[in-house]
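Asker: This is work17.csv, which holds CSV, C-alpha atoms and all ligand atoms:
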chain,number,residue,atom,x,y,z
T,1,MET,CA,33.3,-9.0,-53.2
T,2,ILE,CA,36.9,-10.2,-52.9
T,3,GLY,CA,37.9,-13.2,-55.0
T,4,LYS,CA,41.1,-15.2,-55.1
T,5,LEU,CA,44.2,-14.6,-52.9
T,6,ASN,CA,46.5,-13.2,-55.6
T,7,HIS,CA,49.6,-13.1,-53.4
T,8,VAL,CA,51.2,-12.8,-50.0
T,9,ALA,CA,54.0,-10.3,-49.8
T,10,ILE,CA,57.0,-10.8,-47.5
T,11,VAL,CA,59.6,-8.1,-46.9
T,12,VAL,CA,63.1,-9.7,-46.9
T,13,PRO,CA,66.5,-8.5,-45.8
T,14,ASP,CA,68.4,-10.2,-48.7
T,15,LEU,CA,66.5,-10.8,-51.9
T,16,ALA,CA,68.9,-13.3,-53.5
T,17,ALA,CA,69.0,-15.3,-50.3
T,18,ALA,CA,65.2,-15.2,-50.0
T,19,ALA,CA,64.8,-16.3,-53.6
T,20,ALA,CA,67.3,-19.2,-53.0
T,21,THR,CA,65.3,-20.3,-49.9
T,22,TYR,CA,62.1,-20.5,-52.0
T,23,ALA,CA,63.8,-22.0,-55.1
T,24,GLU,CA,66.2,-24.5,-53.4
T,25,THR,CA,65.0,-25.2,-49.8
T,26,LEU,CA,61.2,-25.1,-50.6
T,27,GLY,CA,61.6,-26.2,-54.3
T,28,ALA,CA,59.4,-23.5,-55.8
T,29,ARG,CA,59.5,-21.7,-59.1
T,30,VAL,CA,60.9,-18.1,-58.7
T,31,SER,CA,61.1,-15.2,-61.1
T,32,GLU,CA,64.1,-12.9,-61.8
T,33,PRO,CA,64.2,-9.8,-59.6
T,34,LYS,CA,62.4,-6.8,-61.0
T,35,ASP,CA,62.9,-3.1,-59.9
T,36,MET,CA,59.7,-1.2,-59.5
T,37,PRO,CA,60.9,2.4,-58.9
T,38,GLU,CA,57.3,3.8,-58.7
T,39,HIS,CA,56.6,1.5,-55.7
T,40,GLY,CA,60.1,1.8,-54.1
T,41,VAL,CA,60.6,-2.0,-54.2
T,42,THR,CA,62.5,-4.8,-56.0
T,43,THR,CA,60.3,-7.9,-56.3
T,44,VAL,CA,60.8,-11.6,-56.9
T,45,PHE,CA,57.7,-13.6,-57.5
T,46,VAL,CA,57.3,-17.2,-56.3
T,47,GLU,CA,54.8,-19.1,-58.4
T,48,LEU,CA,52.7,-21.6,-56.5
T,49,PRO,CA,49.9,-23.7,-58.0
T,50,ASN,CA,47.1,-21.7,-56.2
T,51,THR,CA,48.7,-18.3,-55.5
T,52,LYS,CA,52.0,-16.3,-55.5
T,53,ILE,CA,54.4,-15.1,-52.9
T,54,GLU,CA,55.9,-11.7,-53.5
T,55,LEU,CA,59.3,-11.2,-52.0
T,56,LEU,CA,59.9,-7.5,-51.5
T,57,TYR,CA,63.2,-5.6,-50.9
T,58,PRO,CA,63.5,-1.8,-50.5
T,59,LEU,CA,64.5,0.2,-53.5
T,60,GLY,CA,65.6,3.8,-52.9
T,61,ASP,CA,65.7,5.9,-49.7
T,62,ALA,CA,62.0,6.7,-49.7
T,63,SER,CA,61.0,3.0,-50.0
T,64,PRO,CA,57.7,2.5,-48.1
T,65,ILE,CA,58.9,-0.9,-46.9
T,66,ARG,CA,62.1,0.3,-45.3
T,67,LYS,CA,60.5,0.8,-41.8
T,68,HIS,CA,58.9,-2.6,-42.0
T,69,LEU,CA,62.3,-4.2,-42.5
T,70,GLU,CA,63.8,-2.2,-39.7
T,71,ARG,CA,61.0,-3.5,-37.4
T,72,ASN,CA,61.4,-7.0,-38.8
T,73,PRO,CA,65.1,-7.5,-39.5
T,74,ASP,CA,64.7,-11.2,-40.3
T,75,GLY,CA,61.9,-10.4,-42.8
T,76,GLY,CA,58.1,-10.5,-42.2
T,77,VAL,CA,54.7,-10.7,-43.9
T,78,HIS,CA,53.9,-7.3,-45.3
T,79,HIS,CA,50.5,-7.6,-47.1
T,80,LEU,CA,47.9,-9.8,-48.5
T,81,CYS,CA,46.5,-9.2,-52.0
T,82,TYR,CA,42.9,-10.1,-52.9
T,83,GLU,CA,41.5,-9.9,-56.4
T,84,VAL,CA,38.4,-7.9,-57.2
T,85,GLU,CA,36.5,-7.7,-60.5
T,86,ASP,CA,36.1,-3.9,-60.6
T,87,ILE,CA,38.4,-1.7,-58.5
T,88,SER,CA,36.2,1.4,-58.6
T,89,ALA,CA,33.2,-0.5,-57.4
T,90,ALA,CA,35.3,-2.2,-54.7
T,91,LYS,CA,36.6,1.2,-53.6
T,92,GLN,CA,33.1,2.6,-53.3
T,93,HIS,CA,31.9,-0.5,-51.4
T,94,LEU,CA,34.8,-0.3,-49.0
T,95,THR,CA,34.7,3.5,-48.3
T,96,GLU,CA,31.0,3.4,-47.8
T,97,ARG,CA,31.7,1.0,-45.0
T,98,GLY,CA,34.3,3.2,-43.4
T,99,ALA,CA,37.4,1.5,-44.7
T,100,ARG,CA,40.3,3.8,-45.4
T,101,VAL,CA,42.2,3.7,-48.7
T,102,LEU,CA,45.9,4.6,-48.4
T,103,GLY,CA,47.7,7.3,-50.5
T,104,ASN,CA,45.7,9.6,-52.6
T,105,GLY,CA,42.9,7.1,-52.9
T,106,GLU,CA,43.4,6.6,-56.6
T,107,PRO,CA,44.4,3.1,-58.0
T,108,LYS,CA,48.1,2.7,-59.0
T,109,ILE,CA,49.4,0.2,-61.5
T,110,GLY,CA,50.8,-2.7,-59.4
T,111,ALA,CA,53.4,-5.3,-59.9
T,112,HIS,CA,51.3,-7.2,-62.5
T,113,GLY,CA,50.4,-4.2,-64.6
T,114,LYS,CA,46.9,-4.0,-63.1
T,115,PRO,CA,45.3,-1.4,-61.0
T,116,VAL,CA,45.7,-1.8,-57.2
T,117,LEU,CA,44.7,0.0,-54.0
T,118,PHE,CA,46.0,-0.5,-50.5
T,119,LEU,CA,43.7,-0.4,-47.4
T,120,HIS,CA,44.6,0.8,-43.9
T,121,PRO,CA,45.7,-2.1,-41.7
T,122,LYS,CA,43.8,-0.7,-38.7
T,123,ASP,CA,40.6,-1.4,-40.6
T,124,PHE,CA,41.5,-5.0,-41.4
T,125,LEU,CA,42.7,-6.8,-38.3
T,126,GLY,CA,46.2,-5.3,-38.3
T,127,THR,CA,46.9,-6.5,-41.9
T,128,LEU,CA,47.8,-4.3,-44.8
T,129,ILE,CA,45.4,-5.3,-47.7
T,130,GLU,CA,46.0,-4.8,-51.4
T,131,ILE,CA,43.2,-5.2,-53.8
T,132,GLU,CA,43.9,-5.8,-57.4
T,133,GLN,CA,41.6,-5.7,-60.4
T,134,ALA,CA,42.0,-9.2,-61.8
E,1,CO,CO,51.5,-6.8,-53.5
Can you dump the structure from the file as C-alpha cells?
Ligand code: CO

Answerer:
Amino acid sequence: MIGKLNHVAIVVPDLAAAAATYAETLGARVSEPKDMPEHGVTTVFVELPNTKIELLYPLGDASPIRKHLERNPDGGVHHLCYEVEDISAAKQHLTERGARVLGNGEPKIGAHGKPVLFLHPKDFLGTLIEIEQA
C-alpha cells in the first residue's frame, strides 16, 4: 500500500543553523523557512534526489513538537512520511488492521498542500508515521 518515502522529518533546536548544516556542510539544496500555523511548526525542506528532509521548528506555545525538542535538545528524527495513492482507502486498510490514526482521524492538509494523516508510533515500531496522498 505505501509507496515512496516522501520525507524524513527532524525536529531542530535552531532552524537557521540546521538549514546551514544541510546547505553548507552537507551541500544540499534547502528551501526558505515557511510558517505553518495550523501545524504549529516552521519548516525548511531539504531537496535530495530521491526524497526530502523536513526540518521542523516549533511555532507557537501549543506546538505539537515542543515536547519532542525538550526530550531531544540537540534535535532528533520526528517522523517518516510515506506516500499513498488514496488516503481514505489507506485509512480504512490501516484501521481495519488495528492501527490508530492520531487527532480526529480526518486528513489534514500537510506541508505540501496534500492530505495527510499521522499514525500512532506505538503501532509502528516506535516511529511516528505520516501518510500523504501523493
Ligand atoms: Co511531515

Asker: Please report the interatomic distance between atom CA of T:Asp86 and atom CA of T:Glu132 in Å with one decimal.

Answerer: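 Separation of atom CA of T:Asp86 and atom CA of T:Glu132: 8.6 Å.
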
Asker: What gap, in Å, lies between atom CA of T:Cys81 and atom CA of T:Phe118?

Answerer: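 Value for the atom CA of T:Cys81-atom CA of T:Phe118 distance: 8.8 Å.
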
Asker: Compare T:Ile10, T:Val46, T:Ala20, T:Ala62 by their minimum atom-to-atom distance to ligand CO 1 (chain E), counting all atoms listed in the file, and give me the closest one.

Answerer: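 So, comparing all the options, the nearest one is T:Ile10.
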
Asker: Have a look at atom CA of T:Pro33 and atom CA of T:Gly105 and let me know their distance in Å, one decimal.

Answerer: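 Those two atoms sit 28.0 Å apart.
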
Asker: May I ask which of the residues T:Tyr82, T:His112, T:Pro121, T:Thr95 is the closest one to T:Leu5, counting only C-alpha atoms?

Answerer: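 Selected residue with least distance to T:Leu5: T:Tyr82.
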
Asker: Dump the neighbourhood of ligand CO 1 (chain E) as a list in words: all residues within 7 Å, distances computed on only C-alpha atoms and all ligand atoms.

Answerer: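 The distance check yields His7, Val8, Ala9, Glu54, His79, Leu80, Cys81, Ala111 and Glu130 of chain T.
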
Asker: Return the single residue from T:Asp61, T:Tyr22, T:Met36, T:Pro115 that is closest to T:Lys91, with distances computed using all atoms listed in the file.

Answerer: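 Among the listed residues, the smallest separation from T:Lys91 belongs to T:Pro115.
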
Asker: Nearest to T:Arg97 among T:Glu24, T:Asp123, T:Glu70, T:Glu38, with distances taken over only C-alpha atoms: which residue is it?

Answerer: T:Asp123

Asker: Taking all atoms listed in the file into account, name the residue in T:Ala134, T:Thr25, T:Gly98, T:Pro49 that is nearest to T:Gly113.

Answerer: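 Looking at the shortest contact to T:Gly113, the residue is T:Ala134.
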
Asker: So which residues touch stretch 12-18 of chain T within 7 Å, counting only C-alpha atoms, skipping near sequence neighbours fewer than 3 positions away, as a ChimeraX atom specification?

Answerer: /T:21-22,55-57,69,73-76

Asker: Create the file for the chosen residues now, containing C-alpha atoms and written as a tab-separated table (two decimals), keeping the file's coordinate frame.

Answerer:
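File written: selection_39.tsv
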chain	number	residue	atom	x	y	z
T	21	THR	CA	65.30	-20.30	-49.90
T	22	TYR	CA	62.10	-20.50	-52.00
T	55	LEU	CA	59.30	-11.20	-52.00
T	56	LEU	CA	59.90	-7.50	-51.50
T	57	TYR	CA	63.20	-5.60	-50.90
T	69	LEU	CA	62.30	-4.20	-42.50
T	73	PRO	CA	65.10	-7.50	-39.50
T	74	ASP	CA	64.70	-11.20	-40.30
T	75	GLY	CA	61.90	-10.40	-42.80
T	76	GLY	CA	58.10	-10.50	-42.20

Asker: For T:Asn104, which residue among T:Leu119, T:Ala23, T:Ala90, T:Leu125 is the nearest when counting all atoms listed in the file?

Answerer: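 Closest to T:Asn104, using all atoms listed in the file: T:Leu119.
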
Asker: Excluding T:Pro58 and any residue of its chain fewer than 2 positions from it, enumerate the residues within 8 Å of it, using only C-alpha atoms, and give them as a ChimeraX atom specification.

Answerer: /T:40-42,56,60,63-66

Asker: At a cut-off of 8 Å, using only C-alpha atoms, what residues contact T:Gly3? Leave out same-chain residues fewer than 3 positions from it and give the result as a ChimeraX atom specification.

Answerer: /T:82-85

Asker: Can you find the residues with an atom no farther than 8 Å from (45.0, 3.5, -59.5), counting only C-alpha atoms, and report them as a list in words?

Answerer: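 With a cut-off of 8 Å, the residues come to Gly105, Glu106, Pro107, Lys108, Ile109, Pro115, Val116 and Leu117 of chain T.
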